[in-house]
Structures are given as structure tokens and as C-alpha cells.
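Peer 1: So I've got this file, coords-v1.tsv, and it contains TSV, C-alpha atoms and all ligand atoms:
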chain	number	residue	atom	x	y	z
Z	19	MET	CA	101.91	51.13	-203.37
Z	20	THR	CA	105.54	51.68	-204.32
Z	21	SER	CA	107.31	50.25	-207.36
Z	22	VAL	CA	111.01	49.67	-207.76
Z	23	LEU	CA	112.90	49.06	-210.97
Z	24	VAL	CA	116.47	47.84	-210.49
Z	25	LEU	CA	118.44	49.74	-213.12
Z	26	GLY	CA	121.75	48.28	-212.01
Z	27	ALA	CA	122.62	45.60	-209.44
Z	28	GLY	CA	126.40	45.69	-209.85
Z	29	SER	CA	129.46	47.00	-208.07
Z	30	SER	CA	131.91	49.64	-209.27
Z	31	ALA	CA	133.38	47.50	-212.06
Z	32	GLY	CA	130.07	45.98	-213.14
Z	33	THR	CA	129.71	42.31	-214.10
Z	34	PRO	CA	131.11	41.15	-216.48
Z	35	VAL	CA	134.32	42.97	-215.60
Z	36	VAL	CA	136.15	44.41	-218.61
Z	37	ALA	CA	138.77	41.92	-219.87
Z	38	CYS	CA	138.01	39.36	-217.13
Z	39	THR	CA	138.11	35.70	-218.12
Z	40	CYS	CA	136.58	34.21	-214.95
Z	41	PRO	CA	133.62	31.82	-215.42
Z	42	VAL	CA	131.03	34.31	-214.14
Z	43	CYS	CA	132.18	36.98	-216.59
Z	44	THR	CA	132.58	34.68	-219.58
Z	45	GLU	CA	129.37	32.67	-219.11
Z	46	ALA	CA	127.38	35.89	-218.61
Z	47	HIS	CA	124.26	34.20	-217.17
Z	48	PRO	CA	121.36	36.73	-217.13
Z	49	ARG	CA	121.43	36.74	-213.32
Z	50	ASN	CA	125.08	37.75	-213.46
Z	51	LEU	CA	124.71	40.72	-215.82
Z	52	ARG	CA	125.03	43.69	-213.52
Z	53	SER	CA	125.50	47.33	-214.48
Z	54	ARG	CA	126.46	49.92	-211.87
Z	55	ALA	CA	124.05	50.18	-208.91
Z	56	SER	CA	120.97	52.36	-209.35
Z	57	CYS	CA	117.20	52.11	-209.15
Z	58	LEU	CA	114.05	54.00	-210.01
Z	59	ILE	CA	111.43	54.22	-207.26
Z	60	GLU	CA	107.89	55.24	-208.22
Z	61	HIS	CA	105.37	56.29	-205.61
Z	62	GLN	CA	102.08	58.06	-206.36
Z	63	GLY	CA	103.30	58.76	-209.89
Z	64	VAL	CA	106.49	60.48	-208.73
Z	65	GLN	CA	109.67	58.97	-210.22
Z	66	LEU	CA	112.72	59.07	-207.97
Z	67	LEU	CA	116.09	58.02	-209.37
Z	68	VAL	CA	118.65	56.70	-206.89
Z	69	ASP	CA	122.17	57.65	-208.09
Z	70	THR	CA	123.50	58.39	-211.57
Z	71	GLY	CA	126.29	55.92	-212.25
Z	72	PRO	CA	128.33	55.65	-215.45
Z	73	ASP	CA	125.73	53.25	-216.93
Z	74	MET	CA	122.84	55.68	-216.45
Z	75	ARG	CA	122.28	56.49	-220.12
Z	76	THR	CA	122.12	52.87	-221.24
Z	77	GLN	CA	119.96	51.93	-218.24
Z	78	MET	CA	117.45	54.67	-219.15
Z	79	LEU	CA	117.37	53.56	-222.79
Z	80	ARG	CA	117.03	49.89	-221.85
Z	81	GLU	CA	114.08	50.57	-219.54
Z	82	LYS	CA	112.55	53.39	-221.62
Z	83	VAL	CA	112.45	55.77	-218.66
Z	84	SER	CA	110.91	59.04	-219.83
Z	85	ARG	CA	110.90	61.21	-216.72
Z	86	VAL	CA	112.94	61.81	-213.57
Z	87	ASP	CA	111.33	63.98	-210.89
Z	88	ALA	CA	114.28	63.97	-208.47
Z	89	VAL	CA	117.58	62.23	-207.83
Z	90	LEU	CA	118.45	60.73	-204.44
Z	91	TYR	CA	122.23	60.46	-204.12
Z	92	THR	CA	123.65	57.87	-201.74
Z	93	HIS	CA	127.28	59.07	-201.93
Z	94	PRO	CA	129.71	60.56	-204.42
Z	95	HIS	CA	131.80	57.55	-205.51
Z	96	ALA	CA	132.24	57.47	-209.30
Z	97	ASP	CA	130.07	54.38	-209.76
Z	98	HIS	CA	127.12	56.26	-208.21
Z	99	LEU	CA	127.67	59.77	-209.55
Z	100	ASN	CA	129.64	59.99	-212.77
Z	101	GLY	CA	126.66	59.64	-215.11
Z	102	ILE	CA	125.39	62.99	-213.82
Z	103	ASP	CA	125.82	64.71	-217.22
Z	104	ASP	CA	123.17	62.44	-218.73
Z	105	LEU	CA	120.52	64.06	-216.53
Z	106	ARG	CA	120.69	66.76	-219.19
Z	107	ALA	CA	118.32	64.75	-221.39
Z	108	PHE	CA	115.62	64.83	-218.70
Z	109	CYS	CA	116.20	68.53	-217.91
Z	110	PHE	CA	115.79	69.30	-221.60
Z	111	ARG	CA	112.72	67.13	-222.02
Z	112	GLN	CA	111.09	68.46	-218.86
Z	113	GLN	CA	112.35	72.03	-219.48
Z	114	GLN	CA	113.13	72.48	-215.84
Z	115	ALA	CA	115.76	72.03	-213.17
Z	116	ILE	CA	115.73	68.64	-211.43
Z	117	PRO	CA	116.10	68.66	-207.64
Z	118	VAL	CA	118.78	66.36	-206.26
Z	119	TYR	CA	119.19	65.29	-202.65
Z	120	GLY	CA	121.99	63.84	-200.54
Z	121	ASN	CA	123.78	64.40	-197.28
Z	122	PRO	CA	125.80	67.64	-196.93
Z	123	PHE	CA	129.04	65.71	-197.63
Z	124	THR	CA	127.70	64.44	-200.95
Z	125	MET	CA	126.20	67.78	-201.99
Z	126	ARG	CA	129.53	69.54	-201.31
Z	127	ASN	CA	131.35	66.91	-203.35
Z	128	ILE	CA	129.00	67.38	-206.32
Z	129	GLU	CA	129.40	71.16	-206.11
Z	130	GLU	CA	133.21	70.83	-206.12
Z	131	ARG	CA	133.44	68.34	-208.98
Z	132	PHE	CA	130.41	69.22	-211.12
Z	133	GLY	CA	129.73	72.83	-210.08
Z	134	TYR	CA	128.41	73.73	-213.54
Z	135	VAL	CA	125.20	71.79	-212.84
Z	136	THR	CA	124.08	74.63	-210.55
Z	137	LEU	CA	124.28	77.30	-213.29
Z	138	PRO	CA	121.00	78.62	-214.70
Z	139	PRO	CA	119.74	76.98	-217.91
Z	140	THR	CA	120.55	78.41	-221.30
Z	141	ALA	CA	118.20	78.31	-224.29
Z	142	HIS	CA	119.87	75.10	-225.46
Z	143	TRP	CA	119.94	73.19	-222.14
Z	144	GLU	CA	123.44	71.96	-222.99
Z	145	ARG	CA	124.18	71.15	-219.35
Z	146	PRO	CA	122.21	69.39	-216.64
Z	147	VAL	CA	120.44	72.00	-214.49
Z	148	LEU	CA	120.08	70.76	-210.94
Z	149	THR	CA	119.22	72.15	-207.53
Z	150	LEU	CA	121.35	70.69	-204.74
Z	151	ASN	CA	119.45	69.95	-201.54
Z	152	PRO	CA	121.43	68.78	-198.49
Z	153	VAL	CA	119.20	66.57	-196.34
Z	154	GLU	CA	119.59	64.78	-193.05
Z	155	ALA	CA	115.93	64.25	-192.08
Z	156	PRO	CA	112.78	63.13	-193.92
Z	157	PHE	CA	111.70	65.44	-196.77
Z	158	THR	CA	109.04	65.45	-199.47
Z	159	VAL	CA	109.26	65.43	-203.26
Z	160	GLN	CA	105.95	66.46	-204.86
Z	161	GLY	CA	104.14	65.23	-201.77
Z	162	VAL	CA	106.02	61.92	-201.47
Z	163	THR	CA	107.88	61.45	-198.21
Z	164	VAL	CA	111.48	60.25	-198.54
Z	165	THR	CA	113.36	59.13	-195.43
Z	166	PRO	CA	117.16	59.27	-195.59
Z	167	ILE	CA	118.80	56.36	-193.74
Z	168	PRO	CA	122.23	57.39	-192.37
Z	169	LEU	CA	124.79	54.62	-193.02
Z	170	LEU	CA	128.53	54.13	-192.88
Z	171	HIS	CA	130.51	53.13	-195.99
Z	172	GLY	CA	133.87	52.47	-194.30
Z	173	ASN	CA	134.28	55.79	-192.50
Z	174	TRP	CA	132.21	57.80	-195.00
Z	175	PRO	CA	128.80	58.98	-193.82
Z	176	ILE	CA	126.41	58.08	-196.63
Z	177	LEU	CA	122.65	57.71	-197.07
Z	178	GLY	CA	120.27	54.92	-197.91
Z	179	TYR	CA	116.68	55.88	-198.69
Z	180	ARG	CA	113.26	54.66	-197.68
Z	181	VAL	CA	110.04	55.39	-199.58
Z	182	GLY	CA	106.91	53.75	-198.18
Z	183	LYS	CA	107.81	50.13	-197.47
Z	184	VAL	CA	110.87	50.07	-199.73
Z	185	ALA	CA	114.49	50.77	-198.72
Z	186	TRP	CA	117.61	50.90	-200.89
Z	187	LEU	CA	120.83	50.51	-198.87
Z	188	THR	CA	123.86	50.31	-201.11
Z	189	ASP	CA	127.56	50.62	-200.25
Z	190	VAL	CA	127.04	50.06	-196.54
Z	191	SER	CA	129.46	48.44	-194.12
Z	192	THR	CA	127.73	49.49	-190.87
Z	193	ILE	CA	124.16	50.41	-190.05
Z	194	PRO	CA	124.35	52.82	-187.08
Z	195	GLU	CA	122.14	51.94	-184.09
Z	196	SER	CA	119.97	55.03	-184.64
Z	197	SER	CA	119.12	53.93	-188.18
Z	198	TRP	CA	117.68	50.47	-187.37
Z	199	PRO	CA	114.28	51.85	-186.24
Z	200	LEU	CA	113.93	53.57	-189.63
Z	201	LEU	CA	113.97	50.12	-191.25
Z	202	GLU	CA	111.02	48.57	-189.43
Z	203	GLY	CA	108.03	47.22	-191.37
Z	204	LEU	CA	109.68	47.00	-194.79
Z	205	GLU	CA	108.24	44.89	-197.59
Z	206	LEU	CA	111.22	45.28	-199.93
Z	207	LEU	CA	114.80	45.74	-198.77
Z	208	PHE	CA	117.67	46.18	-201.23
Z	209	LEU	CA	120.96	45.64	-199.44
Z	210	ASP	CA	124.67	45.83	-200.29
Z	211	CYS	CA	126.28	42.39	-200.63
Z	212	LEU	CA	129.64	42.91	-202.30
Z	213	ARG	CA	131.09	39.41	-202.29
Z	214	GLN	CA	131.69	36.42	-200.02
Z	215	ARG	CA	135.01	37.59	-198.59
Z	216	PRO	CA	134.89	40.49	-196.07
Z	217	HIS	CA	135.59	44.02	-197.28
Z	218	HIS	CA	136.25	47.09	-195.14
Z	219	THR	CA	133.68	49.37	-196.82
Z	220	HIS	CA	130.93	46.92	-197.84
Z	221	MET	CA	128.90	44.10	-196.34
Z	222	SER	CA	129.95	40.61	-197.34
Z	223	LEU	CA	127.32	37.97	-198.08
Z	224	ASP	CA	127.42	36.69	-194.48
Z	225	GLU	CA	127.16	40.20	-193.03
Z	226	ALA	CA	124.32	41.08	-195.39
Z	227	MET	CA	122.38	37.96	-194.38
Z	228	VAL	CA	122.80	38.83	-190.68
Z	229	ALA	CA	121.60	42.41	-191.26
Z	230	ALA	CA	118.69	41.20	-193.42
Z	231	SER	CA	117.63	38.76	-190.68
Z	232	ARG	CA	117.57	41.60	-188.17
Z	233	ILE	CA	115.65	43.99	-190.45
Z	234	GLN	CA	113.11	41.29	-191.34
Z	235	ALA	CA	111.74	42.80	-194.52
Z	236	GLN	CA	109.24	40.56	-196.30
Z	237	GLN	CA	111.75	40.26	-199.16
Z	238	THR	CA	115.45	41.12	-199.22
Z	239	TRP	CA	117.21	41.60	-202.53
Z	240	PHE	CA	120.99	41.82	-202.52
Z	241	ILE	CA	122.67	44.44	-204.71
Z	242	HIS	CA	126.14	45.80	-205.60
Z	243	MET	CA	127.67	42.34	-206.13
Z	244	THR	CA	131.06	41.88	-207.78
Z	245	HIS	CA	131.84	39.08	-210.23
Z	246	ASP	CA	132.84	36.96	-207.22
Z	247	ILE	CA	129.13	36.35	-206.70
Z	248	ASP	CA	127.74	33.71	-209.06
Z	249	ALA	CA	124.12	34.54	-208.32
Z	250	ASN	CA	122.78	31.64	-210.33
Z	251	ALA	CA	124.78	29.12	-208.28
Z	252	LEU	CA	124.66	30.78	-204.84
Z	253	ARG	CA	120.99	31.75	-204.74
Z	254	THR	CA	119.95	28.21	-203.85
Z	255	GLN	CA	121.91	28.55	-200.58
Z	256	LEU	CA	120.10	31.71	-199.45
Z	257	PRO	CA	117.37	31.62	-196.79
Z	258	ASP	CA	113.74	32.04	-197.86
Z	259	GLY	CA	112.93	35.66	-198.60
Z	260	MET	CA	116.46	36.56	-199.75
Z	261	ASP	CA	117.82	36.60	-203.30
Z	262	PHE	CA	120.28	38.41	-205.54
Z	263	ALA	CA	118.79	41.23	-207.62
Z	264	TRP	CA	119.51	41.60	-211.34
Z	265	ASP	CA	119.30	44.37	-213.88
Z	266	GLY	CA	115.72	44.97	-214.95
Z	267	LEU	CA	114.08	43.39	-211.88
Z	268	ARG	CA	110.73	45.14	-211.17
Z	269	LEU	CA	108.88	44.79	-207.87
Z	270	THR	CA	105.83	46.42	-206.32
Z	271	THR	CA	104.70	46.59	-202.70
Z	272	SER	CA	101.14	45.73	-201.67
Z	301	ZN	ZN	129.42	51.53	-205.20
Z	302	ZN	ZN	135.17	38.04	-213.77
Z	303	ZN	ZN	130.92	53.51	-202.73
Step by step, read the file and then write its structure as C-alpha cells.
Ligand SMILES: [Zn+2]
Ligand SMILES: [Zn+2]
Ligand SMILES: [Zn+2]
Peer 2:
Amino acid sequence: MTSVLVLGAGSSAGTPVVACTCPVCTEAHPRNLRSRASCLIEHQGVQLLVDTGPDMRTQMLREKVSRVDAVLYTHPHADHLNGIDDLRAFCFRQQQAIPVYGNPFTMRNIEERFGYVTLPPTAHWERPVLTLNPVEAPFTVQGVTVTPIPLLHGNWPILGYRVGKVAWLTDVSTIPESSWPLLEGLELLFLDCLRQRPHHTHMSLDEAMVAASRIQAQQTWFIHMTHDIDANALRTQLPDGMDFAWDGLRLTTS
């Protein structure tokens, strides 16, 4: 059994967008309130956080998350990484370094931009204390197997992740042929769906529906939507088994 808590279902700007006066942003329907994309996956009691965006602190407070055993980074764009300093609270509470994982490109980027996270802890734990683990193949965190799913985000090599029958694929424009077999037999698929118009580094709604139909998860939940997606209006047009995720959505596999 694997549980997923959607911490954020939004794109880089979030929805509502600051200062935007469009109907989606001003009406602020609960299905259209989307902080920056992130989720917490729990399997056999191990809590895995996917990404640390700028909304991480408020997401953790909102959902009363009390422990993070590891962080799975998809890629180093600001909307997925720049909340990294707020891992400090968990390092302090747990009194230990937190292991973080990502492809070598992402780990190098974190080391260049936030190199202080690799320093040893001080008595005051005033910085996050992390261990950077470059991964390209399945690995385990406290006995839980995590499968990285290589993806393309424009021309950036990034990772999605699979744990049990759950996969989180954000910021993807192309799923390489070799990654499709890693997505067989899913119960819950979370998939990038930026907006209705095409975009060169993300799947559009049409592209996401085509990919979801090929993957054939029992349920597909779209994530990383901009304010162009009025989830409350558009969801009625989606095929059975597909819907737009929202902040705070909790799901569990059988
Ligand atoms: Zn993003
Ligand atoms: Zn707007
Ligand atoms: Zn991105």
C-alpha cells in the first residue's frame, strides 16, 4: 500500500498568479488553488518528499507533516528546488542529515547553488544538512524501493519517480521509449499537464491525455497546471479515470 499527498498541483507561478485578474485567479475555486508542484509519498512508514518548491514551508504547515525521510528531486528549476532551506526544520527535529536523490545533473546543480547544505551540522542546525545522492537506477530508502523514471523536460534530462504502483511525472515533455516499460501496472499516475496550448518543455492537456491513455494507470491525476486550466470547468470533458489534482488531495493504492 502506498499513499500520496499532493502538496502542490501548480506550475511555476502557482494559481492564482500574483496580480492576475483572469476569472480562474479571481474566482479562486478550490480546484483551482494550486501551490508549486510537490508531493509526499508514504510507503511502509517511510515518508518521501518529491521536490522542495518555494511553497514547501506553507505546504508542510498546512498538512502538518512532521517527518521527511528523504527528498526525491525531479530537476533543479526554482519552482521545484528553491524551498530547500526549509528542510532545516526537519533536519533539526530529526537531528540528522536527510538524504536527497536526483540525477547527476540535478545533484551538481544543487551543489553549485546551495553547496552549504553539504557541510557538517553545527550544534544549532542553522542550515539544512543533506547528503547528495546521484541516481540513475532503482535504489532503496530504508528498505523502500524507488525507481527513477528518466524523462525529458525540453532538452533537460530529468527524473520522475515510481514507488510501488504510484508514479509522479512532473515537468515532462517527452517520455523516452526506454522509460515506458517502467510505467506498467500503475494504480496512480500523476502527470504534467501545463495548459491547453502546446509548450516546448511541458505536456499540454491533449498530449497528457494521449500519454495517460498509453500508460493505462487505473487513475491519472494531472498536475503542474497553469491558470489557463479551469479545472472545475474542464474536468467534465476528461475521459473516465482522468482528473485534475488539487492541493491537499490524498490517495492510497490497494
Ligand atoms: Zn515546474
Ligand atoms: Zn490568472
Ligand atoms: Zn521545470
Peer 1: Would you give me, as a Markdown table, each residue of chain Z having an atom within 8 Å of an atom of ligand ZN 303 (chain Z), along with its shortest atom pair and that distance in Å to one decimal, using all atoms listed in the file and sorting by chain and residue number?
Peer 2:
| residue | atom | partner | partner_atom | distance |
| --- | --- | --- | --- | --- |
| Z:Ser30 | CA | Z:ZN303 | ZN | 7.7 |
| Z:His93 | CA | Z:ZN303 | ZN | 6.7 |
| Z:Pro94 | CA | Z:ZN303 | ZN | 7.4 |
| Z:His95 | CA | Z:ZN303 | ZN | 5.0 |
| Z:Ala96 | CA | Z:ZN303 | ZN | 7.8 |
| Z:Asp97 | CA | Z:ZN303 | ZN | 7.1 |
| Z:His98 | CA | Z:ZN303 | ZN | 7.2 |
| Z:His171 | CA | Z:ZN303 | ZN | 6.8 |
| Z:Thr188 | CA | Z:ZN303 | ZN | 7.9 |
| Z:Asp189 | CA | Z:ZN303 | ZN | 5.1 |
| Z:Thr219 | CA | Z:ZN303 | ZN | 7.7 |
Peer 1: Go ahead and save the picked residues with C-alpha atoms, as a PDB file, in the coordinates of the input.
Peer 2:
ATOM      1  CA  SER Z  30     131.910  49.640-209.270  1.00  0.00           C
ATOM      2  CA  HIS Z  93     127.280  59.070-201.930  1.00  0.00           C
ATOM      3  CA  PRO Z  94     129.710  60.560-204.420  1.00  0.00           C
ATOM      4  CA  HIS Z  95     131.800  57.550-205.510  1.00  0.00           C
ATOM      5  CA  ALA Z  96     132.240  57.470-209.300  1.00  0.00           C
ATOM      6  CA  ASP Z  97     130.070  54.380-209.760  1.00  0.00           C
ATOM      7  CA  HIS Z  98     127.120  56.260-208.210  1.00  0.00           C
ATOM      8  CA  HIS Z 171     130.510  53.130-195.990  1.00  0.00           C
ATOM      9  CA  THR Z 188     123.860  50.310-201.110  1.00  0.00           C
ATOM     10  CA  ASP Z 189     127.560  50.620-200.250  1.00  0.00           C
ATOM     11  CA  THR Z 219     133.680  49.370-196.820  1.00  0.00           C
TER      12      THR Z 219
END
Peer 1: Write out as a list in words the residues lying within 9 Å of Thr244 of chain Z, counting all atoms listed in the file and excluding same-chain residues fewer than 3 positions away.
Peer 2: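 So, after excluding close chain neighbours, the residues are Gly28, Ser29, Ser30, Ala31, Gly32, Thr33, Pro34, Val35, Arg52, Cys211, Leu212, Arg213, Ile247 and Asp248 of chain Z.
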Peer 1: So, counting all atoms listed in the file, which residue among Z:Asp246, Z:Asp258, Z:Asp104, Z:Glu205 is closest to Ser21 of chain Z?
Peer 2: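 Among the listed residues, the smallest separation from Ser21 of chain Z belongs to Z:Glu205.
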Peer 1: Within 7 Å of ligand ZN 302 (chain Z), counting all atoms listed in the file: which residues, as number ranges by chain?
Peer 2: Z: 33-35, 38-43, 245
Peer 1: Given only C-alpha atoms as the basis, pick out the residue of Z:Gln65, Z:Thr270, Z:Gln214, Z:Gln113 nearest to Val89 of chain Z.
Peer 2: Z:Gln65
Peer 1: Work out how far atom CA of Glu60 of chain Z is from atom CA of Val118 of chain Z, in Å to one decimal.
Peer 2: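 So the answer is 15.7 Å.
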Peer 1: Which one is closest to ligand ZN 301 (chain Z): Z:Gln114, Z:Asn151, Z:Ser191, Z:Asn121? Count only C-alpha atoms and all ligand atoms.
Peer 2: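 Closest to ligand ZN 301 (chain Z), using only C-alpha atoms and all ligand atoms: Z:Ser191.
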Peer 1: Given the point (126.8, 47.1, -197.2) in the file's coordinates, find the residues that have an atom at most 10 Å from it, counting all atoms listed in the file, and give them as a PyMOL selection string.
Peer 2: chain Z and resi 169-172+187-193+209-212+217-223+225-226+229+240-242
Peer 1: Would you export the selected residues with C-alpha atoms as a PDB file, in the coordinates of the input, please?
Peer 2:
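Listed below is the output, again32.pdb:
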ATOM      1  CA  LEU Z 169     124.790  54.620-193.020  1.00  0.00           C
ATOM      2  CA  LEU Z 170     128.530  54.130-192.880  1.00  0.00           C
ATOM      3  CA  HIS Z 171     130.510  53.130-195.990  1.00  0.00           C
ATOM      4  CA  GLY Z 172     133.870  52.470-194.300  1.00  0.00           C
ATOM      5  CA  LEU Z 187     120.830  50.510-198.870  1.00  0.00           C
ATOM      6  CA  THR Z 188     123.860  50.310-201.110  1.00  0.00           C
ATOM      7  CA  ASP Z 189     127.560  50.620-200.250  1.00  0.00           C
ATOM      8  CA  VAL Z 190     127.040  50.060-196.540  1.00  0.00           C
ATOM      9  CA  SER Z 191     129.460  48.440-194.120  1.00  0.00           C
ATOM     10  CA  THR Z 192     127.730  49.490-190.870  1.00  0.00           C
ATOM     11  CA  ILE Z 193     124.160  50.410-190.050  1.00  0.00           C
ATOM     12  CA  LEU Z 209     120.960  45.640-199.440  1.00  0.00           C
ATOM     13  CA  ASP Z 210     124.670  45.830-200.290  1.00  0.00           C
ATOM     14  CA  CYS Z 211     126.280  42.390-200.630  1.00  0.00           C
ATOM     15  CA  LEU Z 212     129.640  42.910-202.300  1.00  0.00           C
ATOM     16  CA  HIS Z 217     135.590  44.020-197.280  1.00  0.00           C
ATOM     17  CA  HIS Z 218     136.250  47.090-195.140  1.00  0.00           C
ATOM     18  CA  THR Z 219     133.680  49.370-196.820  1.00  0.00           C
ATOM     19  CA  HIS Z 220     130.930  46.920-197.840  1.00  0.00           C
ATOM     20  CA  MET Z 221     128.900  44.100-196.340  1.00  0.00           C
ATOM     21  CA  SER Z 222     129.950  40.610-197.340  1.00  0.00           C
ATOM     22  CA  LEU Z 223     127.320  37.970-198.080  1.00  0.00           C
ATOM     23  CA  GLU Z 225     127.160  40.200-193.030  1.00  0.00           C
ATOM     24  CA  ALA Z 226     124.320  41.080-195.390  1.00  0.00           C
ATOM     25  CA  ALA Z 229     121.600  42.410-191.260  1.00  0.00           C
ATOM     26  CA  PHE Z 240     120.990  41.820-202.520  1.00  0.00           C
ATOM     27  CA  ILE Z 241     122.670  44.440-204.710  1.00  0.00           C
ATOM     28  CA  HIS Z 242     126.140  45.800-205.600  1.00  0.00           C
TER      29      HIS Z 242
END
Peer 1: With distances taken over all atoms listed in the file, which residue among Z:Arg180, Z:Trp198, Z:Cys109, Z:Thr124 lies nearest Ala141 of chain Z?
Peer 2: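 The answer is Z:Cys109, which sits nearest to Ala141 of chain Z.
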Peer 1: Can you patch up segment 230-251 of chain Z, filling it in to N, CA and C atoms, and show the result as a compact mmCIF listing (two decimals), in the frame of the given file?
Peer 2:
# COMPACT_ATOMS: atom_id res chain seq x y z
N ALA Z 230 120.02 41.44 -192.85
CA ALA Z 230 118.69 41.20 -193.42
C ALA Z 230 117.81 40.45 -192.41
N SER Z 231 118.41 39.52 -191.68
CA SER Z 231 117.63 38.76 -190.68
C SER Z 231 117.15 39.67 -189.57
N ARG Z 232 117.98 40.67 -189.23
CA ARG Z 232 117.57 41.60 -188.17
C ARG Z 232 116.49 42.56 -188.67
N ILE Z 233 116.62 43.02 -189.90
CA ILE Z 233 115.65 43.99 -190.45
C ILE Z 233 114.30 43.33 -190.70
N GLN Z 234 114.34 42.07 -191.14
CA GLN Z 234 113.11 41.29 -191.34
C GLN Z 234 112.14 41.90 -192.32
N ALA Z 235 112.64 42.38 -193.44
CA ALA Z 235 111.74 42.80 -194.52
C ALA Z 235 111.06 41.55 -195.08
N GLN Z 236 109.90 41.73 -195.70
CA GLN Z 236 109.24 40.56 -196.30
C GLN Z 236 110.13 39.92 -197.36
N GLN Z 237 110.79 40.77 -198.17
CA GLN Z 237 111.75 40.26 -199.16
C GLN Z 237 113.02 41.09 -199.08
N THR Z 238 114.17 40.42 -199.14
CA THR Z 238 115.45 41.12 -199.22
C THR Z 238 116.11 40.76 -200.53
N TRP Z 239 116.52 41.78 -201.25
CA TRP Z 239 117.21 41.60 -202.53
C TRP Z 239 118.60 42.18 -202.41
N PHE Z 240 119.62 41.35 -202.63
CA PHE Z 240 120.99 41.82 -202.52
C PHE Z 240 121.41 42.55 -203.79
N ILE Z 241 122.22 43.60 -203.60
CA ILE Z 241 122.67 44.44 -204.71
C ILE Z 241 124.17 44.72 -204.57
N HIS Z 242 124.74 45.34 -205.60
CA HIS Z 242 126.14 45.80 -205.60
C HIS Z 242 127.11 44.63 -205.48
N MET Z 243 126.79 43.51 -206.17
CA MET Z 243 127.67 42.34 -206.13
C MET Z 243 128.79 42.48 -207.17
N THR Z 244 129.96 41.98 -206.81
CA THR Z 244 131.06 41.88 -207.78
C THR Z 244 130.92 40.57 -208.55
N HIS Z 245 131.85 40.33 -209.47
CA HIS Z 245 131.84 39.08 -210.23
C HIS Z 245 132.22 37.88 -209.38
N ASP Z 246 132.60 38.10 -208.12
CA ASP Z 246 132.84 36.96 -207.22
C ASP Z 246 131.54 36.25 -206.85
N ILE Z 247 130.43 36.96 -207.02
CA ILE Z 247 129.13 36.35 -206.70
C ILE Z 247 128.54 35.74 -207.97
N ASP Z 248 128.46 34.40 -207.99
CA ASP Z 248 127.74 33.71 -209.06
C ASP Z 248 126.31 33.54 -208.56
N ALA Z 249 125.48 34.51 -208.89
CA ALA Z 249 124.12 34.54 -208.32
C ALA Z 249 123.35 33.29 -208.68
N ASN Z 250 123.54 32.80 -209.89
CA ASN Z 250 122.78 31.64 -210.33
C ASN Z 250 123.11 30.40 -209.49
N ALA Z 251 124.37 30.28 -209.08
CA ALA Z 251 124.78 29.12 -208.28
C ALA Z 251 124.49 29.33 -206.79
